[in-house]
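Single-structure report; data block below.
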Amino acid sequence: MEDIMESWLVLSRAPGLGAVHIRQLLELFTTPQNILSIPATELRAIGVPEKAIRYLSDPDIKAVEKDIKWLKQPHHYLITVNDDNYPRLLRELPDRPPVLFVRGKLAQLQRPQLSIVGSRNPSHSGRQTAHEFASALIRAGFVINSGLATGIDYCAHRGALEEGGITVAVMGCGADKIYPMRHKQLANDIQARGGALVTEFATGIPPVPENFPRRNRIISGMSLGVIVIEAAQKSGSLITARHALDQGRDVFAVPGSIYNPMARGCHDLIKQGACLTESIEDILEELSGVIGPGFIKKQLPTGPHVLQAELDRDSKILLECIGHDPISMDKLINLSGLTADAVSSMLTMLEIKGLVSAEPGGLYMRKNQRLY
């Protein structure tokens with residue numbers, strides 16, 4: 001097999017050959033063309049799995065041709081671990097993917113990235129936090145990457161895009177697919193606005209569960225650090241955080257209410273030494289030794305914030321009764337001593353001013369006014 005691209009594609013599709021095994025084979029034989037020319041007896045002698053040997057001797061050329069057809073489309077790329085465009089930080093990992101399929105602008109993969117990950121079913125506060133952190137970090141000069149999933153991932157990507165910044169989505173499915181399908185427009189927007197979609201999976205590979213832990217190591221591996229916002233104690237976000245710790249990356253955990261089960265994973269990370277993160281400054285300070293003082297654009301937001309001094313006396317009383325944990329209107333009436341009509345009217349006003357958010361179940365909670 002003479003074509004270099006075809007050789008890489010065949011090697012990356014070989015069943016039973018993980019990223020570490022392929023790296024070891026490349027260290028022994030230098031190129032994928034050399035590996036494909038090695039006799040089965042020699043591959044067997046060095047521990048290559050039998051199913052991989054059978055595949056390498058008789059590869060699925062039709063599947064490889066589908067990969068090549070995909071790669072012929074505009075702004076579709078295959079980058080190998082030997083390419084200059086391969087993400088620098090990711091290349092350092094022992095289990096780095098041998099190839100990456102990319103849709104979008106390759107140059108963005110070389111820029112300093114931070115990952116934002118978290119629950120697929122976050123609270124309103126979690127969504128807001130992800131959106132605002134992404135926006136502020138874009139202003140500070142970073143690229144935001146995440147996993148294109150629902151919840152925190154979606155809000156992080158959208159926060160970056162709405163700030164006019166660059167975001168990278170790392171997928172757990174084949175290069176020709178989008179998962180979940182409801183995020184097709186988001187994926188299109190990421191690419192159209194100068195970002196990129198990245199996967200190690202060739203065309204036709206479905207988004208099966210075992211793909212996502214592999215996907216997560218790429219999210220953290222391309223990043224200077226991982227920010228975790230609302231994560232259950234057993235979740236994919238914590239897998240990403242563990243990858244980050246193993247890779248020597250910084251982990252930033254945003255704390256939450258002790259009554260919120262989605263905050264417990266973040267609290268566990270903090271107990272294990274993750275950086276307790278309440279503001280953008282916490283992240284920038286932790287990374288200052290890595291990125292250098294000249295990197296940050298210093299374009300952190302200075303927009304208007306509603307001051308409590310602008311509120312009338314009763315509105316201040318009501319706001320003092322509303323914490324960052326959801327609370328019902330009945331409890332607010334009891335705590336504030338105000339009438340039901342007054343509380344209802346004031347809650348609407350406070351929500352319009354961006355001080356309070358309405359939560360499912362007729363509950364209310366105070367919104368963060370400043371994350372930076």
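Numbering starts fresh at 1 for the residues of each chain in the structure tokens, the chains themselves are lettered A, B, ... in the order given, and ligands are numbered from 1 as they appear.
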message: Can you tell me, as a VMD selection string, which residues in stretch 205-369 of chain A count as alpha helix (DSSP H) by DSSP?
response: chain A and resid 211 to 221 236 to 246 264 to 271 280 to 291 313 to 321 329 to 336 340 to 352
Closest contacts (stretch 176-277 of chain A/stretch 130-140 of chain A, max 10 Å, only C-alpha atoms) as CSV:
residue,atom,partner,partner_atom,distance
A:Ile227,CA,A:Ala130,CA,9.1
A:Val228,CA,A:Ala130,CA,9.0
A:Ile229,CA,A:Ala130,CA,6.8
A:Glu230,CA,A:Ala130,CA,9.5
A:Val254,CA,A:Ala130,CA,9.9
Atoms kept (N, CA and C atoms) for selection, written as a JSON list (two decimals), in the first residue's frame:
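Listing of again-v3.json after writing:
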[["chain", "number", "residue", "atom", "x", "y", "z"],
["A", 227, "ILE", "N", -12.15, 22.97, 33.31],
["A", 227, "ILE", "CA", -13.06, 23.61, 34.26],
["A", 227, "ILE", "C", -14.30, 22.73, 34.37],
["A", 228, "VAL", "N", -14.61, 22.27, 35.57],
["A", 228, "VAL", "CA", -15.76, 21.39, 35.78],
["A", 228, "VAL", "C", -16.86, 22.17, 36.48],
["A", 229, "ILE", "N", -18.03, 22.21, 35.85],
["A", 229, "ILE", "CA", -19.19, 22.94, 36.38],
["A", 229, "ILE", "C", -20.35, 21.96, 36.52],
["A", 230, "GLU", "N", -20.74, 21.68, 37.75],
["A", 230, "GLU", "CA", -21.83, 20.74, 38.05],
["A", 230, "GLU", "C", -21.57, 19.36, 37.46],
["A", 254, "VAL", "N", -15.80, 24.26, 40.06],
["A", 254, "VAL", "CA", -16.68, 25.33, 40.53],
["A", 254, "VAL", "C", -17.60, 24.75, 41.60]]
task: Please identify all polymer residues within 7 Å of A:Ser115, counting only C-alpha atoms, omitting same-chain residues fewer than 6 positions from it, and present them as a count of residues only.
output: 9
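Minimum atom-to-atom distance to A:Ala358, evaluated using only C-alpha atoms, belongs to A:His124 out of A:Leu93, A:His124, A:Leu318, A:His243.
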message: Which residues are close to stretch 272-274 of chain A, i.e. within 7 Å by only C-alpha atoms, leaving aside same-chain residues fewer than 2 positions away? Reply as a VMD selection string.
response: chain A and resid 251 to 253 268 to 270 276
Next, dump the selected residues to file, keeping only C-alpha atoms, as a compact mmCIF listing (two decimals), in the first residue's frame.
# COMPACT_ATOMS: atom_id res chain seq x y z
CA VAL A 251 -8.33 21.07 37.10
CA PHE A 252 -10.67 23.88 38.14
CA ALA A 253 -13.82 22.89 40.04
CA ASP A 268 -14.95 15.74 45.55
CA LEU A 269 -12.47 17.20 43.04
CA ILE A 270 -11.76 20.11 45.39
CA LEU A 276 -11.62 25.86 43.96
field: Surrounding residues of A:Ala52 excluding itself and chain neighbours under 4 positions, 9 Å, only C-alpha atoms, as a ChimeraX atom specification
entry: /A:14-17,48,56-57
query: Any idea what's packed within 10 Å of stretch 192-208 of chain A, counting only C-alpha atoms, ignoring anything in its chain fewer than 6 positions away? Could you give it as a PyMOL selection string?
result: chain A and resi 9+12-13+19+63-71+75-79+96-109+143-145+147-148+161+164-180+186+214-215+218-219
query: If you run DSSP on the backbone, which residues of stretch 59-308 of chain A are strand (DSSP E), as a ChimeraX atom specification?
result: /A:76-80,99-104,113-118,143-146,167-170,196-199,225-229,250-254,275-276
Mind writing the picked residues with C-alpha atoms as a PDB file, in the first residue's frame?
ATOM      1  CA  HIS A  76     -11.989  18.406   5.961  1.00  0.00           C
ATOM      2  CA  TYR A  77      -8.594  17.220   7.123  1.00  0.00           C
ATOM      3  CA  LEU A  78      -6.686  14.218   8.419  1.00  0.00           C
ATOM      4  CA  ILE A  79      -3.779  15.150  10.658  1.00  0.00           C
ATOM      5  CA  THR A  80      -1.375  12.559  11.968  1.00  0.00           C
ATOM      6  CA  VAL A  99      -4.779  10.484  13.658  1.00  0.00           C
ATOM      7  CA  LEU A 100      -7.394  13.194  14.054  1.00  0.00           C
ATOM      8  CA  PHE A 101     -10.210  13.967  11.648  1.00  0.00           C
ATOM      9  CA  VAL A 102     -10.893  17.697  11.624  1.00  0.00           C
ATOM     10  CA  ARG A 103     -13.623  19.879  10.166  1.00  0.00           C
ATOM     11  CA  GLY A 104     -12.824  23.581  10.252  1.00  0.00           C
ATOM     12  CA  GLN A 113      -7.264  26.069  24.934  1.00  0.00           C
ATOM     13  CA  LEU A 114      -9.289  25.611  28.102  1.00  0.00           C
ATOM     14  CA  SER A 115     -11.965  22.933  28.456  1.00  0.00           C
ATOM     15  CA  ILE A 116     -15.342  23.456  30.100  1.00  0.00           C
ATOM     16  CA  VAL A 117     -17.271  20.295  30.975  1.00  0.00           C
ATOM     17  CA  GLY A 118     -20.089  19.318  33.288  1.00  0.00           C
ATOM     18  CA  VAL A 143     -10.051  28.973  22.738  1.00  0.00           C
ATOM     19  CA  ILE A 144     -12.818  27.042  24.537  1.00  0.00           C
ATOM     20  CA  ASN A 145     -13.153  23.343  23.902  1.00  0.00           C
ATOM     21  CA  SER A 146     -15.822  20.920  25.036  1.00  0.00           C
ATOM     22  CA  THR A 167     -14.545  27.037  20.180  1.00  0.00           C
ATOM     23  CA  VAL A 168     -13.503  23.465  19.403  1.00  0.00           C
ATOM     24  CA  ALA A 169     -15.826  20.474  19.772  1.00  0.00           C
ATOM     25  CA  VAL A 170     -14.337  17.026  20.373  1.00  0.00           C
ATOM     26  CA  ALA A 196     -13.229  23.150  14.496  1.00  0.00           C
ATOM     27  CA  LEU A 197     -14.849  19.761  15.050  1.00  0.00           C
ATOM     28  CA  VAL A 198     -12.367  17.057  16.039  1.00  0.00           C
ATOM     29  CA  THR A 199     -12.567  13.276  16.399  1.00  0.00           C
ATOM     30  CA  GLY A 225      -6.748  23.037  32.081  1.00  0.00           C
ATOM     31  CA  VAL A 226     -10.249  21.657  32.579  1.00  0.00           C
ATOM     32  CA  ILE A 227     -13.057  23.607  34.257  1.00  0.00           C
ATOM     33  CA  VAL A 228     -15.758  21.389  35.780  1.00  0.00           C
ATOM     34  CA  ILE A 229     -19.186  22.941  36.385  1.00  0.00           C
ATOM     35  CA  ASP A 250      -4.829  21.947  35.898  1.00  0.00           C
ATOM     36  CA  VAL A 251      -8.328  21.074  37.099  1.00  0.00           C
ATOM     37  CA  PHE A 252     -10.672  23.876  38.143  1.00  0.00           C
ATOM     38  CA  ALA A 253     -13.817  22.888  40.043  1.00  0.00           C
ATOM     39  CA  VAL A 254     -16.681  25.327  40.526  1.00  0.00           C
ATOM     40  CA  CYS A 275      -8.482  24.488  42.286  1.00  0.00           C
ATOM     41  CA  LEU A 276     -11.616  25.859  43.959  1.00  0.00           C
TER      42      LEU A 276
END
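Take the candidates A:Thr339, A:Thr129, A:Asn188, A:Asn121 and check each one against A:Ser279 using only C-alpha atoms; the shortest distance goes to A:Thr129.
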query: Could you work out how far atom CA of A:Met222 lies from atom CA of A:Thr31, giving the answer in Å with one decimal?
result: 23.8 Å
query: What is the distance between atom CA of A:Ile4 and atom CA of A:His21, in Å to one decimal?
result: 19.4 Å
